[in-house]
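A.B. asks: Dropping in entry_38.pdb, with PDB, C-alpha atoms, pLDDT in the B column.
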ATOM      1  CA  SER A  28     -54.016 -17.903 -46.016  1.00 88.00           C
ATOM      2  CA  VAL A  29     -55.653 -14.621 -45.048  1.00 89.00           C
ATOM      3  CA  GLU A  30     -56.824 -16.220 -41.793  1.00 91.00           C
ATOM      4  CA  SER A  31     -54.727 -15.238 -38.775  1.00 93.00           C
ATOM      5  CA  SER A  32     -56.204 -17.862 -36.419  1.00 94.00           C
ATOM      6  CA  ALA A  33     -54.688 -21.311 -36.529  1.00 92.00           C
ATOM      7  CA  ALA A  34     -56.975 -24.137 -37.577  1.00 86.00           C
ATOM      8  CA  HIS A  35     -57.398 -27.003 -35.104  1.00 90.00           C
ATOM      9  CA  GLY A  36     -54.139 -28.965 -34.913  1.00 92.00           C
ATOM     10  CA  CYS A  37     -52.166 -26.323 -36.773  1.00 92.00           C
ATOM     11  CA  LYS A  38     -49.787 -23.490 -36.028  1.00 91.00           C
ATOM     12  CA  VAL A  39     -49.723 -20.205 -37.879  1.00 92.00           C
ATOM     13  CA  GLY A  40     -47.094 -17.578 -38.673  1.00 90.00           C
ATOM     14  CA  TYR A  41     -47.334 -14.122 -40.221  1.00 92.00           C
ATOM     15  CA  LEU A  42     -45.756 -13.908 -43.693  1.00 93.00           C
ATOM     16  CA  GLY A  43     -46.299 -10.299 -44.712  1.00 93.00           C
ATOM     17  CA  ARG A  44     -48.689  -8.084 -46.580  1.00 93.00           C
ATOM     18  CA  MET A  45     -49.669  -8.475 -50.227  1.00 93.00           C
ATOM     19  CA  ASN A  46     -50.915  -5.395 -52.079  1.00 94.00           C
ATOM     20  CA  TYR A  47     -53.478  -5.878 -54.836  1.00 96.00           C
ATOM     21  CA  ARG A  48     -54.216  -3.280 -57.507  1.00 97.00           C
ATOM     22  CA  LEU A  49     -56.963  -2.819 -60.089  1.00 98.00           C
ATOM     23  CA  LEU A  50     -55.174  -3.187 -63.431  1.00 98.00           C
ATOM     24  CA  ALA A  51     -56.087  -2.964 -67.105  1.00 98.00           C
ATOM     25  CA  THR A  52     -54.457  -2.288 -70.428  1.00 98.00           C
ATOM     26  CA  ALA A  53     -54.321   1.382 -71.425  1.00 97.00           C
ATOM     27  CA  GLU A  54     -56.647   0.602 -74.331  1.00 98.00           C
ATOM     28  CA  LEU A  55     -59.270  -0.989 -72.077  1.00 98.00           C
ATOM     29  CA  ALA A  56     -58.953   1.903 -69.626  1.00 98.00           C
ATOM     30  CA  GLU A  57     -59.430   4.468 -72.404  1.00 98.00           C
ATOM     31  CA  HIS A  58     -62.457   2.611 -73.799  1.00 98.00           C
ATOM     32  CA  TRP A  59     -64.314   1.729 -70.572  1.00 98.00           C
ATOM     33  CA  PHE A  60     -62.943   4.297 -68.100  1.00 98.00           C
ATOM     34  CA  PRO A  61     -62.499   7.551 -70.065  1.00 97.00           C
ATOM     35  CA  ASP A  62     -63.537   9.540 -66.955  1.00 96.00           C
ATOM     36  CA  GLY A  63     -61.588   7.330 -64.551  1.00 96.00           C
ATOM     37  CA  LEU A  64     -62.978   4.720 -62.188  1.00 96.00           C
ATOM     38  CA  THR A  65     -66.661   5.585 -61.844  1.00 96.00           C
ATOM     39  CA  ALA A  66     -69.626   3.518 -60.696  1.00 95.00           C
ATOM     40  CA  ALA A  67     -71.218   3.873 -64.135  1.00 95.00           C
ATOM     41  CA  ALA A  68     -68.078   2.539 -65.852  1.00 96.00           C
ATOM     42  CA  VAL A  69     -67.724  -0.358 -63.395  1.00 97.00           C
ATOM     43  CA  ARG A  70     -71.328  -1.402 -64.157  1.00 96.00           C
ATOM     44  CA  GLN A  71     -70.394  -1.749 -67.854  1.00 96.00           C
ATOM     45  CA  ALA A  72     -66.751  -2.833 -68.114  1.00 98.00           C
ATOM     46  CA  PRO A  73     -65.802  -6.550 -68.161  1.00 98.00           C
ATOM     47  CA  LEU A  74     -64.218  -7.579 -64.842  1.00 98.00           C
ATOM     48  CA  VAL A  75     -62.283 -10.812 -64.323  1.00 98.00           C
ATOM     49  CA  VAL A  76     -62.414 -12.382 -60.850  1.00 96.00           C
ATOM     50  CA  PHE A  77     -60.432 -15.415 -59.725  1.00 94.00           C
ATOM     51  CA  ASN A  78     -63.419 -17.340 -58.281  1.00 94.00           C
ATOM     52  CA  ARG A  79     -66.798 -16.825 -56.614  1.00 92.00           C
ATOM     53  CA  THR A  80     -65.276 -16.468 -53.129  1.00 91.00           C
ATOM     54  CA  ASP A  81     -62.821 -13.759 -54.240  1.00 91.00           C
ATOM     55  CA  ARG A  82     -64.162 -10.454 -52.864  1.00 91.00           C
ATOM     56  CA  LEU A  83     -61.076  -8.236 -53.229  1.00 93.00           C
ATOM     57  CA  HIS A  84     -62.688  -6.206 -55.987  1.00 93.00           C
ATOM     58  CA  ASP A  85     -65.663  -5.456 -53.702  1.00 92.00           C
ATOM     59  CA  LYS A  86     -63.301  -4.051 -51.049  1.00 92.00           C
ATOM     60  CA  LEU A  87     -61.624  -1.824 -53.602  1.00 94.00           C
ATOM     61  CA  PHE A  88     -64.901  -0.625 -55.123  1.00 94.00           C
ATOM     62  CA  ARG A  89     -66.309   0.229 -51.666  1.00 92.00           C
ATOM     63  CA  LYS A  90     -63.260   2.399 -50.939  1.00 91.00           C
ATOM     64  CA  ALA A  91     -62.737   3.940 -54.365  1.00 93.00           C
ATOM     65  CA  LEU A  92     -66.398   4.522 -55.222  1.00 93.00           C
ATOM     66  CA  ARG A  93     -67.461   5.642 -51.746  1.00 89.00           C
ATOM     67  CA  ARG A  94     -69.818   2.718 -51.233  1.00 77.00           C
ATOM     68  CA  ALA A  95     -71.695   3.223 -54.504  1.00 78.00           C
ATOM     69  CA  ARG A  96     -73.634   0.106 -55.453  1.00 82.00           C
ATOM     70  CA  VAL A  97     -72.111  -1.618 -58.443  1.00 91.00           C
ATOM     71  CA  ASP A  98     -72.787  -4.950 -60.050  1.00 91.00           C
ATOM     72  CA  PRO A  99     -70.082  -5.334 -62.701  1.00 94.00           C
ATOM     73  CA  PRO A 100     -70.251  -7.918 -65.465  1.00 95.00           C
ATOM     74  CA  VAL A 101     -67.966 -10.622 -64.041  1.00 96.00           C
ATOM     75  CA  HIS A 102     -66.000 -13.438 -65.667  1.00 96.00           C
ATOM     76  CA  TYR A 103     -64.544 -16.103 -63.347  1.00 96.00           C
ATOM     77  CA  LEU A 104     -61.145 -17.542 -64.202  1.00 95.00           C
ATOM     78  CA  PRO A 105     -59.512 -19.653 -61.436  1.00 94.00           C
ATOM     79  CA  SER A 106     -56.048 -19.833 -62.993  1.00 94.00           C
ATOM     80  CA  SER A 107     -53.412 -17.257 -62.037  1.00 90.00           C
ATOM     81  CA  GLU A 108     -51.723 -17.416 -65.433  1.00 92.00           C
ATOM     82  CA  ALA A 109     -54.923 -17.333 -67.504  1.00 95.00           C
ATOM     83  CA  TYR A 110     -56.348 -14.624 -65.251  1.00 96.00           C
ATOM     84  CA  LEU A 111     -53.399 -12.332 -65.879  1.00 96.00           C
ATOM     85  CA  ALA A 112     -53.398 -13.226 -69.591  1.00 97.00           C
ATOM     86  CA  MET A 113     -57.043 -12.136 -69.834  1.00 97.00           C
ATOM     87  CA  ILE A 114     -56.092  -8.762 -68.352  1.00 98.00           C
ATOM     88  CA  THR A 115     -52.930  -8.260 -70.453  1.00 98.00           C
ATOM     89  CA  SER A 116     -54.840  -9.178 -73.614  1.00 98.00           C
ATOM     90  CA  GLY A 117     -57.283  -6.342 -72.929  1.00 97.00           C
ATOM     91  CA  LEU A 118     -60.337  -8.572 -72.578  1.00 97.00           C
ATOM     92  CA  ALA A 119     -61.049  -7.507 -68.978  1.00 98.00           C
ATOM     93  CA  TYR A 120     -59.652  -5.644 -65.998  1.00 98.00           C
ATOM     94  CA  GLY A 121     -59.033  -7.135 -62.565  1.00 98.00           C
ATOM     95  CA  ILE A 122     -57.269  -7.178 -59.216  1.00 97.00           C
ATOM     96  CA  VAL A 123     -53.609  -8.236 -59.480  1.00 97.00           C
ATOM     97  CA  PRO A 124     -51.038  -8.679 -56.682  1.00 94.00           C
ATOM     98  CA  ASP A 125     -48.042  -6.345 -56.884  1.00 94.00           C
ATOM     99  CA  LEU A 126     -45.670  -9.307 -57.161  1.00 91.00           C
ATOM    100  CA  GLN A 127     -47.406 -10.309 -60.386  1.00 93.00           C
ATOM    101  CA  GLY A 128     -48.268  -6.899 -61.809  1.00 95.00           C
ATOM    102  CA  GLU A 129     -45.476  -4.521 -60.807  1.00 94.00           C
ATOM    103  CA  GLU A 130     -43.275  -5.186 -63.853  1.00 96.00           C
ATOM    104  CA  LEU A 131     -46.297  -4.811 -66.118  1.00 97.00           C
ATOM    105  CA  THR A 132     -47.239  -1.427 -64.656  1.00 97.00           C
ATOM    106  CA  ASP A 133     -43.608  -0.261 -64.605  1.00 97.00           C
ATOM    107  CA  SER A 134     -43.300  -1.115 -68.313  1.00 97.00           C
ATOM    108  CA  GLY A 135     -46.628   0.565 -69.143  1.00 96.00           C
ATOM    109  CA  GLU A 136     -48.217  -2.667 -70.368  1.00 97.00           C
ATOM    110  CA  LEU A 137     -50.885  -2.262 -67.658  1.00 98.00           C
ATOM    111  CA  VAL A 138     -52.231   0.792 -65.849  1.00 98.00           C
ATOM    112  CA  ASP A 139     -53.589   1.114 -62.335  1.00 98.00           C
ATOM    113  CA  LEU A 140     -57.240   2.194 -62.465  1.00 98.00           C
ATOM    114  CA  ALA A 141     -57.305   3.176 -58.768  1.00 97.00           C
ATOM    115  CA  PRO A 142     -53.748   4.029 -57.667  1.00 95.00           C
ATOM    116  CA  GLU A 143     -54.808   5.410 -54.276  1.00 95.00           C
ATOM    117  CA  HIS A 144     -56.898   2.358 -53.440  1.00 95.00           C
ATOM    118  CA  ALA A 145     -54.676  -0.723 -53.291  1.00 94.00           C
ATOM    119  CA  VAL A 146     -56.190  -3.562 -51.272  1.00 95.00           C
ATOM    120  CA  ARG A 147     -53.779  -4.724 -48.587  1.00 94.00           C
ATOM    121  CA  VAL A 148     -54.035  -8.336 -47.448  1.00 94.00           C
ATOM    122  CA  ASP A 149     -52.097  -9.852 -44.559  1.00 94.00           C
ATOM    123  CA  LEU A 150     -50.932 -13.395 -45.342  1.00 93.00           C
ATOM    124  CA  TYR A 151     -50.263 -16.271 -42.935  1.00 94.00           C
ATOM    125  CA  TRP A 152     -48.536 -19.646 -43.181  1.00 93.00           C
ATOM    126  CA  HIS A 153     -50.471 -22.555 -41.668  1.00 93.00           C
ATOM    127  CA  CYS A 154     -48.998 -25.994 -41.063  1.00 91.00           C
ATOM    128  CA  TRP A 155     -49.635 -29.018 -38.896  1.00 90.00           C
ATOM    129  CA  ASN A 156     -48.570 -28.618 -35.278  1.00 89.00           C
ATOM    130  CA  LEU A 157     -46.276 -31.661 -35.399  1.00 87.00           C
ATOM    131  CA  ARG A 158     -42.810 -32.181 -33.995  1.00 85.00           C
ATOM    132  CA  SER A 159     -40.940 -32.677 -37.247  1.00 90.00           C
ATOM    133  CA  GLU A 160     -37.518 -31.298 -38.065  1.00 92.00           C
ATOM    134  CA  LEU A 161     -38.258 -31.408 -41.791  1.00 93.00           C
ATOM    135  CA  LEU A 162     -41.595 -29.573 -41.405  1.00 91.00           C
ATOM    136  CA  ASP A 163     -39.935 -27.000 -39.129  1.00 90.00           C
ATOM    137  CA  GLN A 164     -37.191 -26.402 -41.722  1.00 94.00           C
ATOM    138  CA  LEU A 165     -39.735 -26.101 -44.529  1.00 93.00           C
ATOM    139  CA  SER A 166     -41.881 -23.678 -42.514  1.00 92.00           C
ATOM    140  CA  ALA A 167     -38.857 -21.586 -41.545  1.00 92.00           C
ATOM    141  CA  ALA A 168     -37.764 -21.374 -45.194  1.00 94.00           C
ATOM    142  CA  ILE A 169     -41.251 -20.343 -46.366  1.00 93.00           C
ATOM    143  CA  VAL A 170     -41.676 -17.718 -43.640  1.00 91.00           C
ATOM    144  CA  HIS A 171     -38.162 -16.326 -44.212  1.00 91.00           C
ATOM    145  CA  GLY A 172     -38.635 -16.199 -47.998  1.00 93.00           C
ATOM    146  CA  ALA A 173     -42.005 -14.506 -47.726  1.00 93.00           C
ATOM    147  CA  ARG A 174     -40.693 -11.918 -45.298  1.00 90.00           C
ATOM    148  CA  GLU A 175     -37.893 -11.115 -47.735  1.00 90.00           C
ATOM    149  CA  ILE A 176     -40.310 -10.170 -50.536  1.00 90.00           C
ATOM    150  CA  LEU A 177     -43.500  -9.079 -48.757  1.00 90.00           C
ATOM    151  CA  PRO A 178     -43.737  -5.825 -46.849  1.00 81.00           C
ATOM    152  CA  SER A 179     -44.758  -6.015 -43.187  1.00 78.00           C
ATOM    153  CA  ARG A 180     -47.731  -4.328 -41.579  1.00 73.00           C
TER
END
In structure tokens, what does this structure look like?
C.D. replies:
Amino acid sequence: SVESSAAHGCKVGYLGRMNYRLLATAELAEHWFPDGLTAAAVRQAPLVVFNRTDRLHDKLFRKALRRARVDPPVHYLPSSEAYLAMITSGLAYGIVPDLQGEELTDSGELVDLAPEHAVRVDLYWHCWNLRSELLDQLSAAIVHGAREILPSR
């Protein structure tokens, strides 16, 4: 979760920080963003968003476009695999976590439309506040694993 406060009856632990970047194919970037990431281009280019509560793109646009008002044409696709496939196929651009997109940018399959404006999200593990050896072991394994791959604050 992105929520740092424990829900009632739960305990919470910090996992690490996930960086999200605005990615597209080079072809889509050349077609829709020939002058880079501009408010005018964002108002025209097809954006894919995970779901209606996902606001990561708004955070990035506010930073990168200096609070310019934009209302991009949005397509909602609440499937991580299909979401990324829509971006890699060149049908849209979107926000992708580094863990999912780093290999694709390193290989040149995708480009970062706003390299100076990654959105950083702190992630937390929530679980029931029960006395259970199995739950404690599971939580410890998840927290340890996440801290191995996610950078800290």
A.B. asks: As an MDAnalysis selection string, please: the residues near A:Met113 (cut-off 12 Å, all atoms listed in the file, same-chain neighbours under 3 positions excluded).
C.D. replies: chainID A and resid 50:52 55 73:77 102:110 116:123 137
A.B. asks: Determine the residue membership of the PyMOL selection byres ((chain A and resi 136) around 12) for the file above and supply it as a count of residues only.
C.D. replies: 24
A.B. asks: Quick one: which residues end up in the PyMOL selection byres ((chain A and resi 61-72) around 7) for this structure, as a list in words?
C.D. replies: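 When the PyMOL selection byres ((chain A and resi 61-72) around 7) is applied to the shown file, the picked residues are Ala56, Glu57, His58, Trp59, Phe60, Pro73, Leu74, Leu92, Ala95, Val97, Asp98, Pro99, Pro100, Leu140 and Ala141 of chain A.
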A.B. asks: Could you tell me how far atom CA of A:Gly43 lies from atom CA of A:Val101, in Å and to one decimal?
C.D. replies: 29.0 Å
A.B. asks: Would you mind reading off the distance between atom CA of A:Ala33 and atom CA of A:Trp152, one decimal, in Å?
C.D. replies: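 Going from atom CA of A:Ala33 over to atom CA of A:Trp152, I get 9.2 Å.
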A.B. asks: If you count all atoms listed in the file, which residues fall within 10 Å of A:Ile169, apart from same-chain ones fewer than 6 positions away, as a list in words?
C.D. replies: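 Returned residues: Leu42, Trp152, Asp163 and Glu175 of chain A.
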A.B. asks: Just give me the gap between atom CA of A:Gly40 and atom CA of A:His153 in Å, one decimal is fine.
C.D. replies: 6.7 Å
A.B. asks: Nearest residue to A:Phe88 out of A:Asp149, A:Glu30, A:Glu160, A:Glu143, using all atoms listed in the file?
C.D. replies: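 Closest to A:Phe88, using all atoms listed in the file: A:Glu143.
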A.B. asks: Name the closest residue to A:Arg147 among the candidates A:Asp125, A:Arg89, A:Arg44, A:Leu165; distances are taken between atoms, counting all atoms listed in the file.
C.D. replies: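 Of A:Asp125, A:Arg89, A:Arg44, A:Leu165, the one nearest A:Arg147, counting all atoms listed in the file, is A:Arg44.
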A.B. asks: Would you write out, as an MDAnalysis selection string, every residue that the PyMOL selection byres ((chain A and resi 85) around 10) captures in this file?
C.D. replies: chainID A and resid 81:84 86:91 94 96:98 146
A.B. asks: When distances are computed from only C-alpha atoms, which of A:Val39, A:Val29, A:Cys154, A:Leu49 shows the smallest separation from A:Pro142?
C.D. replies: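 Distance minimum relative to A:Pro142 lands on A:Leu49.
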